[in-house]
Number of protein chains: 2
Amino acid sequence: MTESPRPRPATLKDIATAVGVDISTASKVVNGGGISVRPETRKAILDEAARLNYRPHALARNLRTRRTGAIGVLLPDLTNPIYAATIRGAVRRAEELGYVTLVAEAQDDAASASIYSKLVAERRIDGFIIAVAAKRDLIAAIDAQPVPHVFVNRRASIGRSVTVDDEAAARLAARTLIEAGHKRLGFIGDSDEMDTARRRRAGFFGEARKAGLPDVVDAVEPYSRRGGFDACLKLLAAKPRPTGIFASNLLVGISALAAARSLGVRVPEDLSMVTLDFEDANYSAPPLTAIAMPLDEMGTLAVEELHAMIEGREPKDVVVDVAPTLISRASVAPPPKWPDSPADAGQ
Amino acid sequence: MTESPRPRPATLKDIATAVGVDISTASKVVNGGGISVRPETRKAILDEAARLNYRPHALARNLRTRRTGAIGVLLPDLTNPIYAATIRGAVRRAEELGYVTLVAEAQDDAASASIYSKLVAERRIDGFIIAVAAKRDLIAAIDAQPVPHVFVNRRASIGRSVTVDDEAAARLAARTLIEAGHKRLGFIGDSDEMDTARRRRAGFFGEARKAGLPDVVDAVEPYSRRGGFDACLKLLAAKPRPTGIFASNLLVGISALAAARSLGVRVPEDLSMVTLDFEDANYSAPPLTAIAMPLDEMGTLAVEELHAMIEGREPKDVVVDVAPTLISRASVAPPPKWPDSPADAGQ
DNA sequence: TCGAACTAGTCAATCGTTTGAGTGACGCCT
DNA sequence: AGGCGTCACTCAAACGATTGACTAGTTCGA
């Protein structure tokens, strides 16, 4: 009788019958598709669509077009700030390109594989951005049901990857310590199986060697809060104790600092520390000098690469070409004078 | 000619033609639907489904059933560990109930509203778990296109909510400090507009009053790293400086600690601190004594409530009935003797 | 004046599932 | 022998959108 509150969202059919055209005409008009219509018909359709606040039913459209308009992001740890920054870049770009983003945390290889398989099998997504390590189960899952995917912050044999220049970041960290006068350097990082750790280690050791300091103390521990704590303890127990260390991961930096403090080692008076940057580094005591990586760009580029793959274009490995930069805060100082650095710190 | 690699995932039709039955029969069998079939037919269908590794096409099914099998989670900050814990609980339970979870970060009210509107308009989800504040834009968006939704860790006038017992947690924090002998207490929390802050403040102040300590110093700053830092600075500048403080949020605890240290105030010798618990609290210096909240359960229950609403059952507000517990670490000690606490610390 | 070309659309199939209604064959009871 | 009830299925219409093929009517060129 009257305009009752329409509970059901508008469909193309609603528009078409209201205007008095065929559904297909309405579809072509709202999509700007290849069809010729009189301006007034076009206007009528568009007006009606606006009036009804028409939004296409994603499922129906996707069923037909065989595209879901969704991309999945697989990551190992939601609380690790590096992913938060990356995701922000990725989500923004994805939205611009018309995708919805489905973020999933996978705590281990089996979980990664099962999430991947499920989402792909049910055809819920067009492609994956993968920030977890490509281990056995996941590799098998991808093999079994391949969809476009790009690894982010990780190189992998089975797909394209988008990474930042970890080597450059590590070299910059080394240079920072070396320029402050440190001769005995320490490195905290995960094992070389983790490719980010491998690249950072390579960069740091390489730069140290170039500066005539080949004896970097290496602490291999997982990239986790506990790992950083343990690693720092190890480093400080080394026989010639390092005076400057690079904690090559975000989480690890904070907990390494706590480990030093727990031993009564003062930062930066007794020990200088450089880590990778994130917001928390401002609110530690002391605030941590850190290397900022272009994480946002990494996320953005990952989406662009994935989009290219979904569109069938040729993908490529990309290293984000924004250089890491040093954020000087308060955790780096010249090394202490005592043990055995005679006059060379004078310069 | 030969079994060529089947690129296309199996459909019901594949199964049906292979077995020689109608699609609808196959559908009913794989869904365990109400139909009677001979055991051998059933077996044949199930076998074929297994052989082809059949998984229903989510979109097609959902188009028909008008359910998407997906729930959205809207949260303000991915890096805030409280949400990570909550999400883990939510995702696990959602999966058990057959939902896929779509996590979205909304940095402000406008973003919340636009994410909500988009996902709902495109009918991509069945319901929302909302962990952001219900402000103007979001409220308008929900009003315009209502779908089942539950607020988590937040009470809201426009929907059901699942919360933990923030008051009890705050009372426990107060008791911890009081039992250690503190007489001058401080509280760090967001403004009362944020309902979690309001409840925590009420609990803390109430317990203090009960113990004959009505003069709690209150520092109102946003729940953020910077907010915690600034708040702690304020508290330590108060005229009778508090000796025990409760930083009523996870992020805020860590940065308050850094602020104290930056002023040369030692924890716990000069200042005791209690905060809410998360992993990082183990790796600060000193490790922080904290109140653990049942966040995982909160996520779980939120999903259950949402599920109930989606199924059309009557929803209710729920407060998780697991009590907050104290995790004693190293940031609480008796107050220092000097300024003006005479003999009463002797006991 | 015939046909080609254009205009402004319409038709119908299709994506993969679900689901209520229908149906042929058989057994059983009276 | 007729009728009723099961059994074991099949049929066909949805869900909402997309898209290539098709068409009725007009215009234009030769």
# chains A, B, ... in the order shown; residues from 1 in each chain; ligands from 1
>>> interface_residues(of="chain B", to="chain D", cutoff="6 Å", atoms="only C-alpha atoms (C1' of nucleotides)", output="list in words")
Val37, Leu63 and Arg64 of chain B
>>> residues_around(residues="stretch 86-92 of chain A", least_positions_apart="3", cutoff="8 Å", atoms="only C-alpha atoms (C1' of nucleotides)", output="ChimeraX atom specification")
/A:82-83,95-96,100-101,295-303
>>> write_last_selection(atoms="N, CA and C atoms", output="PDB file, in the first residue's frame")
ATOM      1  N   ILE A  82      55.707  -5.732  12.470  1.00  0.00           N
ATOM      2  CA  ILE A  82      56.139  -5.653  11.090  1.00  0.00           C
ATOM      3  C   ILE A  82      54.995  -6.013  10.157  1.00  0.00           C
ATOM      4  N   TYR A  83      54.168  -6.934  10.574  1.00  0.00           N
ATOM      5  CA  TYR A  83      53.071  -7.330   9.701  1.00  0.00           C
ATOM      6  C   TYR A  83      51.962  -6.299   9.721  1.00  0.00           C
ATOM      7  N   GLU A  95      42.133  -2.239  -1.498  1.00  0.00           N
ATOM      8  CA  GLU A  95      40.839  -1.582  -1.573  1.00  0.00           C
ATOM      9  C   GLU A  95      40.752  -0.717  -2.824  1.00  0.00           C
ATOM     10  N   GLU A  96      41.841  -0.010  -3.107  1.00  0.00           N
ATOM     11  CA  GLU A  96      41.851   0.815  -4.310  1.00  0.00           C
ATOM     12  C   GLU A  96      41.623  -0.027  -5.561  1.00  0.00           C
ATOM     13  N   VAL A 100      38.617  -7.015  -1.393  1.00  0.00           N
ATOM     14  CA  VAL A 100      38.432  -7.111   0.032  1.00  0.00           C
ATOM     15  C   VAL A 100      39.582  -7.980   0.550  1.00  0.00           C
ATOM     16  N   THR A 101      40.061  -7.689   1.730  1.00  0.00           N
ATOM     17  CA  THR A 101      41.213  -8.416   2.245  1.00  0.00           C
ATOM     18  C   THR A 101      40.830  -9.305   3.418  1.00  0.00           C
ATOM     19  N   LEU A 295      57.976  -0.780   5.000  1.00  0.00           N
ATOM     20  CA  LEU A 295      57.048  -1.905   5.119  1.00  0.00           C
ATOM     21  C   LEU A 295      55.726  -1.631   4.418  1.00  0.00           C
ATOM     22  N   ASP A 296      55.269  -0.406   4.555  1.00  0.00           N
ATOM     23  CA  ASP A 296      54.024  -0.031   3.916  1.00  0.00           C
ATOM     24  C   ASP A 296      54.120  -0.254   2.405  1.00  0.00           C
ATOM     25  N   GLU A 297      55.216   0.204   1.836  1.00  0.00           N
ATOM     26  CA  GLU A 297      55.428   0.021   0.396  1.00  0.00           C
ATOM     27  C   GLU A 297      55.504  -1.460   0.043  1.00  0.00           C
ATOM     28  N   MET A 298      56.102  -2.230   0.939  1.00  0.00           N
ATOM     29  CA  MET A 298      56.205  -3.659   0.660  1.00  0.00           C
ATOM     30  C   MET A 298      54.809  -4.255   0.518  1.00  0.00           C
ATOM     31  N   GLY A 299      53.922  -3.875   1.427  1.00  0.00           N
ATOM     32  CA  GLY A 299      52.555  -4.373   1.353  1.00  0.00           C
ATOM     33  C   GLY A 299      51.865  -3.918   0.077  1.00  0.00           C
ATOM     34  N   THR A 300      52.053  -2.657  -0.231  1.00  0.00           N
ATOM     35  CA  THR A 300      51.447  -2.103  -1.439  1.00  0.00           C
ATOM     36  C   THR A 300      51.908  -2.847  -2.682  1.00  0.00           C
ATOM     37  N   LEU A 301      53.211  -3.021  -2.774  1.00  0.00           N
ATOM     38  CA  LEU A 301      53.743  -3.676  -3.966  1.00  0.00           C
ATOM     39  C   LEU A 301      53.315  -5.127  -4.047  1.00  0.00           C
ATOM     40  N   ALA A 302      53.202  -5.755  -2.902  1.00  0.00           N
ATOM     41  CA  ALA A 302      52.776  -7.150  -2.908  1.00  0.00           C
ATOM     42  C   ALA A 302      51.394  -7.269  -3.523  1.00  0.00           C
ATOM     43  N   VAL A 303      50.529  -6.360  -3.151  1.00  0.00           N
ATOM     44  CA  VAL A 303      49.177  -6.398  -3.713  1.00  0.00           C
ATOM     45  C   VAL A 303      49.218  -6.133  -5.208  1.00  0.00           C
TER      46      VAL A 303
END
>>> closest_atom_pairs(of="chain A", to="chain C", cutoff="10 Å", atoms="only C-alpha atoms (C1' of nucleotides)", output="JSON lines")
{"residue": "A:Val21", "atom": "CA", "partner": "C:DG9", "partner_atom": "C1'", "distance": 8.4}
{"residue": "A:Asp22", "atom": "CA", "partner": "C:DT10", "partner_atom": "C1'", "distance": 6.7}
{"residue": "A:Ile23", "atom": "CA", "partner": "C:DT10", "partner_atom": "C1'", "distance": 9.2}
{"residue": "A:Ser24", "atom": "CA", "partner": "C:DT10", "partner_atom": "C1'", "distance": 8.0}
{"residue": "A:Thr25", "atom": "CA", "partner": "C:DG9", "partner_atom": "C1'", "distance": 7.2}
{"residue": "A:Ile35", "atom": "CA", "partner": "C:DA8", "partner_atom": "C1'", "distance": 8.5}
{"residue": "A:Ser36", "atom": "CA", "partner": "C:DA8", "partner_atom": "C1'", "distance": 6.2}
{"residue": "A:Val37", "atom": "CA", "partner": "C:DA8", "partner_atom": "C1'", "distance": 5.5}
{"residue": "A:Arg38", "atom": "CA", "partner": "C:DA8", "partner_atom": "C1'", "distance": 6.9}
{"residue": "A:Thr41", "atom": "CA", "partner": "C:DA8", "partner_atom": "C1'", "distance": 9.7}
{"residue": "A:Ala60", "atom": "CA", "partner": "C:DC15", "partner_atom": "C1'", "distance": 8.5}
{"residue": "A:Arg61", "atom": "CA", "partner": "C:DC15", "partner_atom": "C1'", "distance": 9.0}
{"residue": "A:Asn62", "atom": "CA", "partner": "C:DC15", "partner_atom": "C1'", "distance": 8.4}
{"residue": "A:Leu63", "atom": "CA", "partner": "C:DC15", "partner_atom": "C1'", "distance": 5.0}
{"residue": "A:Arg64", "atom": "CA", "partner": "C:DC15", "partner_atom": "C1'", "distance": 4.4}
{"residue": "A:Thr65", "atom": "CA", "partner": "C:DC15", "partner_atom": "C1'", "distance": 7.5}
{"residue": "A:Arg66", "atom": "CA", "partner": "C:DC15", "partner_atom": "C1'", "distance": 7.5}
>>> interface_residues(of="chain B", to="chain A", cutoff="9 Å", atoms="only C-alpha atoms", output="VMD selection string")
chain B and resid 7 9 54 to 60 62 to 63 68 77 to 81 83 to 85 88 91 100 to 105 118 to 119 121 to 124 145 225 to 226 229 254 to 262 279 to 280 282 to 287
>>> atom_distance(atom1="atom CA of A:Gly264", atom2="atom CA of A:Thr243")
14.1 Å
>>> residues_around(residues="stretch 160-165 of chain B", least_positions_apart="6", cutoff="8 Å", atoms="only C-alpha atoms (C1' of nucleotides)", output="compact mmCIF listing (two decimals) with N, CA and C atoms, in the first residue's frame")
# COMPACT_ATOMS: atom_id res chain seq x y z
N HIS B 149 25.27 -8.32 14.97
CA HIS B 149 26.59 -7.85 15.38
C HIS B 149 26.69 -7.88 16.90
N VAL B 150 27.88 -8.15 17.38
CA VAL B 150 28.10 -8.05 18.81
C VAL B 150 29.37 -7.26 19.07
N PHE B 151 29.27 -6.42 20.06
CA PHE B 151 30.43 -5.64 20.47
C PHE B 151 31.25 -6.48 21.43
N VAL B 152 32.54 -6.38 21.27
CA VAL B 152 33.40 -7.16 22.14
C VAL B 152 34.34 -6.21 22.87
N ASN B 153 34.48 -6.43 24.16
CA ASN B 153 35.31 -5.58 24.99
C ASN B 153 34.74 -4.16 25.07
N ARG B 154 33.49 -4.02 24.69
CA ARG B 154 32.85 -2.71 24.68
C ARG B 154 31.37 -2.89 24.89
N MET B 293 43.56 -11.29 31.77
CA MET B 293 42.12 -11.31 31.51
C MET B 293 41.81 -12.48 30.57
N PRO B 294 40.62 -13.00 30.66
CA PRO B 294 40.24 -14.13 29.80
C PRO B 294 39.87 -13.66 28.39
N LEU B 295 40.89 -13.21 27.67
CA LEU B 295 40.63 -12.62 26.36
C LEU B 295 40.22 -13.65 25.33
N MET B 298 36.77 -14.42 25.77
CA MET B 298 35.93 -13.32 25.31
C MET B 298 35.69 -13.44 23.80
N LEU B 301 33.33 -16.45 23.17
CA LEU B 301 31.94 -16.16 23.50
C LEU B 301 31.31 -15.18 22.53
N ALA B 302 32.11 -14.24 22.07
CA ALA B 302 31.57 -13.28 21.12
C ALA B 302 31.09 -14.00 19.86
N PRO B 315 19.75 -13.04 21.55
CA PRO B 315 21.08 -12.74 22.07
C PRO B 315 20.99 -12.11 23.45
N LYS B 316 22.11 -12.11 24.12
CA LYS B 316 22.13 -11.46 25.43
C LYS B 316 23.50 -10.85 25.66
N ASP B 317 23.54 -9.87 26.56
CA ASP B 317 24.84 -9.33 26.93
C ASP B 317 25.54 -10.36 27.80
N VAL B 318 26.83 -10.55 27.58
CA VAL B 318 27.52 -11.48 28.45
C VAL B 318 28.84 -10.91 28.97
N VAL B 319 29.08 -11.22 30.21
CA VAL B 319 30.36 -10.89 30.81
C VAL B 319 31.05 -12.22 31.05
N VAL B 320 32.24 -12.37 30.48
CA VAL B 320 32.94 -13.65 30.60
C VAL B 320 33.13 -13.98 32.07
N ASP B 321 32.78 -15.19 32.46
CA ASP B 321 32.78 -15.44 33.89
C ASP B 321 34.07 -16.10 34.40
N ALA B 323 37.43 -15.40 36.09
CA ALA B 323 37.93 -14.26 36.85
C ALA B 323 39.34 -13.87 36.40
N PRO B 324 39.61 -12.59 36.38
CA PRO B 324 40.98 -12.13 36.10
C PRO B 324 41.92 -12.67 37.17
>>> select_by_dssp(residues="stretch 105-289 of chain A", states="strand (DSSP E)", output="PyMOL selection string")
chain A and resi 105+127-130+149-152+160-163+185-189+217-220+244-247+272-276+289
>>> closest_residue(among="A:Val332, A:Ala168, A:Val217, A:Ala197", to="A:Leu235", atoms="only C-alpha atoms")
A:Val217
>>> select_by_dssp(residues="stretch 162-304 of chain B", states="helix (DSSP H, G or I)", output="PyMOL selection string")
chain B and resi 166-179+195-210+225-237+250-262+279-283+295-304
>>> write_last_selection(atoms="C-alpha atoms", output="compact mmCIF listing (two decimals), in the first residue's frame")
# COMPACT_ATOMS: atom_id res chain seq x y z
CA ASP B 166 37.14 -5.07 33.95
CA GLU B 167 36.03 -3.91 37.35
CA ALA B 168 37.20 -7.10 38.99
CA ALA B 169 40.53 -6.83 37.21
CA ALA B 170 40.98 -3.28 38.43
CA ARG B 171 40.00 -4.24 41.96
CA LEU B 172 42.58 -6.99 41.90
CA ALA B 173 45.20 -4.54 40.75
CA ALA B 174 44.31 -2.18 43.57
CA ARG B 175 44.40 -4.95 46.13
CA THR B 176 47.79 -6.07 44.91
CA LEU B 177 49.24 -2.63 45.43
CA ILE B 178 47.48 -2.09 48.73
CA GLU B 179 48.60 -5.40 50.13
CA ASP B 195 33.77 2.30 28.53
CA THR B 196 36.58 -0.10 29.37
CA ALA B 197 38.45 2.77 30.96
CA ARG B 198 35.37 3.80 32.88
CA ARG B 199 34.88 0.34 34.33
CA ARG B 200 38.51 -0.08 35.24
CA ARG B 201 38.63 3.28 36.88
CA ALA B 202 35.50 2.52 38.85
CA GLY B 203 36.91 -0.77 40.07
CA PHE B 204 40.26 0.69 41.06
CA PHE B 205 38.90 3.76 42.80
CA GLY B 206 36.22 1.72 44.52
CA GLU B 207 38.66 -0.74 45.99
CA ALA B 208 40.98 2.06 47.05
CA ARG B 209 38.14 3.81 48.80
CA LYS B 210 37.18 0.60 50.55
CA ARG B 225 51.95 4.04 23.76
CA ARG B 226 52.33 7.77 23.86
CA GLY B 227 49.40 8.13 26.22
CA GLY B 228 50.98 5.80 28.74
CA PHE B 229 54.26 7.62 28.58
CA ASP B 230 52.72 11.03 29.11
CA ALA B 231 50.40 9.81 31.84
CA CYS B 232 53.22 8.33 33.85
CA LEU B 233 55.17 11.55 33.59
CA LYS B 234 52.15 13.40 34.96
CA LEU B 235 51.69 10.97 37.80
CA LEU B 236 55.30 11.23 38.86
CA ALA B 237 55.04 14.99 38.89
CA LEU B 250 48.47 -3.27 27.89
CA LEU B 251 50.24 -0.78 25.69
CA VAL B 252 50.20 1.81 28.38
CA GLY B 253 52.02 -0.38 30.89
CA ILE B 254 55.11 -0.77 28.79
CA SER B 255 55.46 2.87 27.93
CA ALA B 256 54.71 3.99 31.47
CA LEU B 257 57.61 1.87 32.58
CA ALA B 258 59.85 3.58 30.07
CA ALA B 259 58.66 6.97 31.27
CA ALA B 260 59.53 6.11 34.86
CA ARG B 261 62.95 4.97 33.83
CA SER B 262 63.51 8.09 31.80
CA GLU B 279 53.47 -11.58 26.47
CA ASP B 280 55.60 -8.46 26.35
CA ALA B 281 55.21 -8.07 30.09
CA ASN B 282 57.69 -10.92 30.49
CA TYR B 283 60.34 -9.14 28.53
CA LEU B 295 40.63 -12.62 26.36
CA ASP B 296 40.57 -15.84 24.49
CA GLU B 297 37.26 -16.74 26.10
CA MET B 298 35.93 -13.32 25.31
CA GLY B 299 36.59 -13.93 21.63
CA THR B 300 35.09 -17.37 21.82
CA LEU B 301 31.94 -16.16 23.50
CA ALA B 302 31.57 -13.28 21.12
CA VAL B 303 31.47 -15.69 18.23
CA GLU B 304 28.96 -17.86 20.01
>>> residues_around(residues="A:Pro242", least_positions_apart="2", cutoff="10 Å", atoms="only C-alpha atoms (C1' of nucleotides)", output="JSON, numbers by chain")
{"A": [182, 183, 184, 185, 186, 187, 215, 216, 217, 235, 236, 237, 238, 239, 240, 244, 245, 270, 271, 272, 335]}
>>> write_last_selection(atoms="N, CA and C atoms", output="PDB file, in the first residue's frame")
ATOM      1  N   HIS A 182      82.614   1.405  17.586  1.00  0.00           N
ATOM      2  CA  HIS A 182      82.612   0.030  18.106  1.00  0.00           C
ATOM      3  C   HIS A 182      83.494  -0.881  17.270  1.00  0.00           C
ATOM      4  N   LYS A 183      84.215  -1.743  17.995  1.00  0.00           N
ATOM      5  CA  LYS A 183      85.118  -2.685  17.336  1.00  0.00           C
ATOM      6  C   LYS A 183      84.639  -4.116  17.518  1.00  0.00           C
ATOM      7  N   ARG A 184      83.933  -4.326  18.600  1.00  0.00           N
ATOM      8  CA  ARG A 184      83.456  -5.697  18.847  1.00  0.00           C
ATOM      9  C   ARG A 184      81.944  -5.709  18.682  1.00  0.00           C
ATOM     10  N   LEU A 185      81.533  -6.319  17.592  1.00  0.00           N
ATOM     11  CA  LEU A 185      80.119  -6.275  17.241  1.00  0.00           C
ATOM     12  C   LEU A 185      79.424  -7.596  17.532  1.00  0.00           C
ATOM     13  N   GLY A 186      78.147  -7.482  17.797  1.00  0.00           N
ATOM     14  CA  GLY A 186      77.344  -8.680  18.001  1.00  0.00           C
ATOM     15  C   GLY A 186      76.122  -8.635  17.108  1.00  0.00           C
ATOM     16  N   PHE A 187      75.664  -9.823  16.751  1.00  0.00           N
ATOM     17  CA  PHE A 187      74.494  -9.911  15.873  1.00  0.00           C
ATOM     18  C   PHE A 187      73.483 -10.871  16.480  1.00  0.00           C
ATOM     19  N   ASP A 215      85.329 -10.485  13.288  1.00  0.00           N
ATOM     20  CA  ASP A 215      84.917 -11.363  14.390  1.00  0.00           C
ATOM     21  C   ASP A 215      83.622 -10.928  15.064  1.00  0.00           C
ATOM     22  N   VAL A 216      82.581 -10.923  14.301  1.00  0.00           N
ATOM     23  CA  VAL A 216      81.287 -10.576  14.870  1.00  0.00           C
ATOM     24  C   VAL A 216      80.763 -11.763  15.676  1.00  0.00           C
ATOM     25  N   VAL A 217      80.258 -11.485  16.860  1.00  0.00           N
ATOM     26  CA  VAL A 217      79.675 -12.565  17.659  1.00  0.00           C
ATOM     27  C   VAL A 217      78.234 -12.784  17.193  1.00  0.00           C
ATOM     28  N   LEU A 235      75.132 -13.244  24.105  1.00  0.00           N
ATOM     29  CA  LEU A 235      76.092 -12.289  23.575  1.00  0.00           C
ATOM     30  C   LEU A 235      76.885 -11.640  24.704  1.00  0.00           C
ATOM     31  N   LEU A 236      76.197 -11.328  25.775  1.00  0.00           N
ATOM     32  CA  LEU A 236      76.859 -10.629  26.869  1.00  0.00           C
ATOM     33  C   LEU A 236      77.735 -11.562  27.689  1.00  0.00           C
ATOM     34  N   ALA A 237      77.566 -12.842  27.432  1.00  0.00           N
ATOM     35  CA  ALA A 237      78.424 -13.805  28.122  1.00  0.00           C
ATOM     36  C   ALA A 237      79.660 -14.135  27.300  1.00  0.00           C
ATOM     37  N   ALA A 238      79.706 -13.634  26.067  1.00  0.00           N
ATOM     38  CA  ALA A 238      80.838 -13.947  25.201  1.00  0.00           C
ATOM     39  C   ALA A 238      82.128 -13.420  25.819  1.00  0.00           C
ATOM     40  N   LYS A 239      83.213 -14.077  25.490  1.00  0.00           N
ATOM     41  CA  LYS A 239      84.483 -13.788  26.155  1.00  0.00           C
ATOM     42  C   LYS A 239      84.952 -12.356  25.901  1.00  0.00           C
ATOM     43  N   PRO A 240      85.279 -11.954  24.687  1.00  0.00           N
ATOM     44  CA  PRO A 240      85.372 -10.510  24.572  1.00  0.00           C
ATOM     45  C   PRO A 240      83.949 -10.051  24.311  1.00  0.00           C
ATOM     46  N   GLY A 244      78.677  -3.370  20.804  1.00  0.00           N
ATOM     47  CA  GLY A 244      77.601  -2.848  19.968  1.00  0.00           C
ATOM     48  C   GLY A 244      76.892  -3.998  19.291  1.00  0.00           C
ATOM     49  N   ILE A 245      75.590  -4.069  19.441  1.00  0.00           N
ATOM     50  CA  ILE A 245      74.913  -5.189  18.815  1.00  0.00           C
ATOM     51  C   ILE A 245      73.725  -4.736  17.972  1.00  0.00           C
ATOM     52  N   ASP A 270      77.220   1.146  28.464  1.00  0.00           N
ATOM     53  CA  ASP A 270      78.038  -0.067  28.396  1.00  0.00           C
ATOM     54  C   ASP A 270      77.861  -0.804  27.076  1.00  0.00           C
ATOM     55  N   LEU A 271      76.705  -0.600  26.495  1.00  0.00           N
ATOM     56  CA  LEU A 271      76.356  -1.400  25.321  1.00  0.00           C
ATOM     57  C   LEU A 271      75.502  -0.551  24.383  1.00  0.00           C
ATOM     58  N   SER A 272      75.874  -0.560  23.109  1.00  0.00           N
ATOM     59  CA  SER A 272      75.037   0.135  22.127  1.00  0.00           C
ATOM     60  C   SER A 272      74.170  -0.879  21.413  1.00  0.00           C
ATOM     61  N   PRO A 335      81.771   3.284  22.428  1.00  0.00           N
ATOM     62  CA  PRO A 335      81.971   2.151  23.353  1.00  0.00           C
ATOM     63  C   PRO A 335      82.647   2.637  24.628  1.00  0.00           C
TER      64      PRO A 335
END
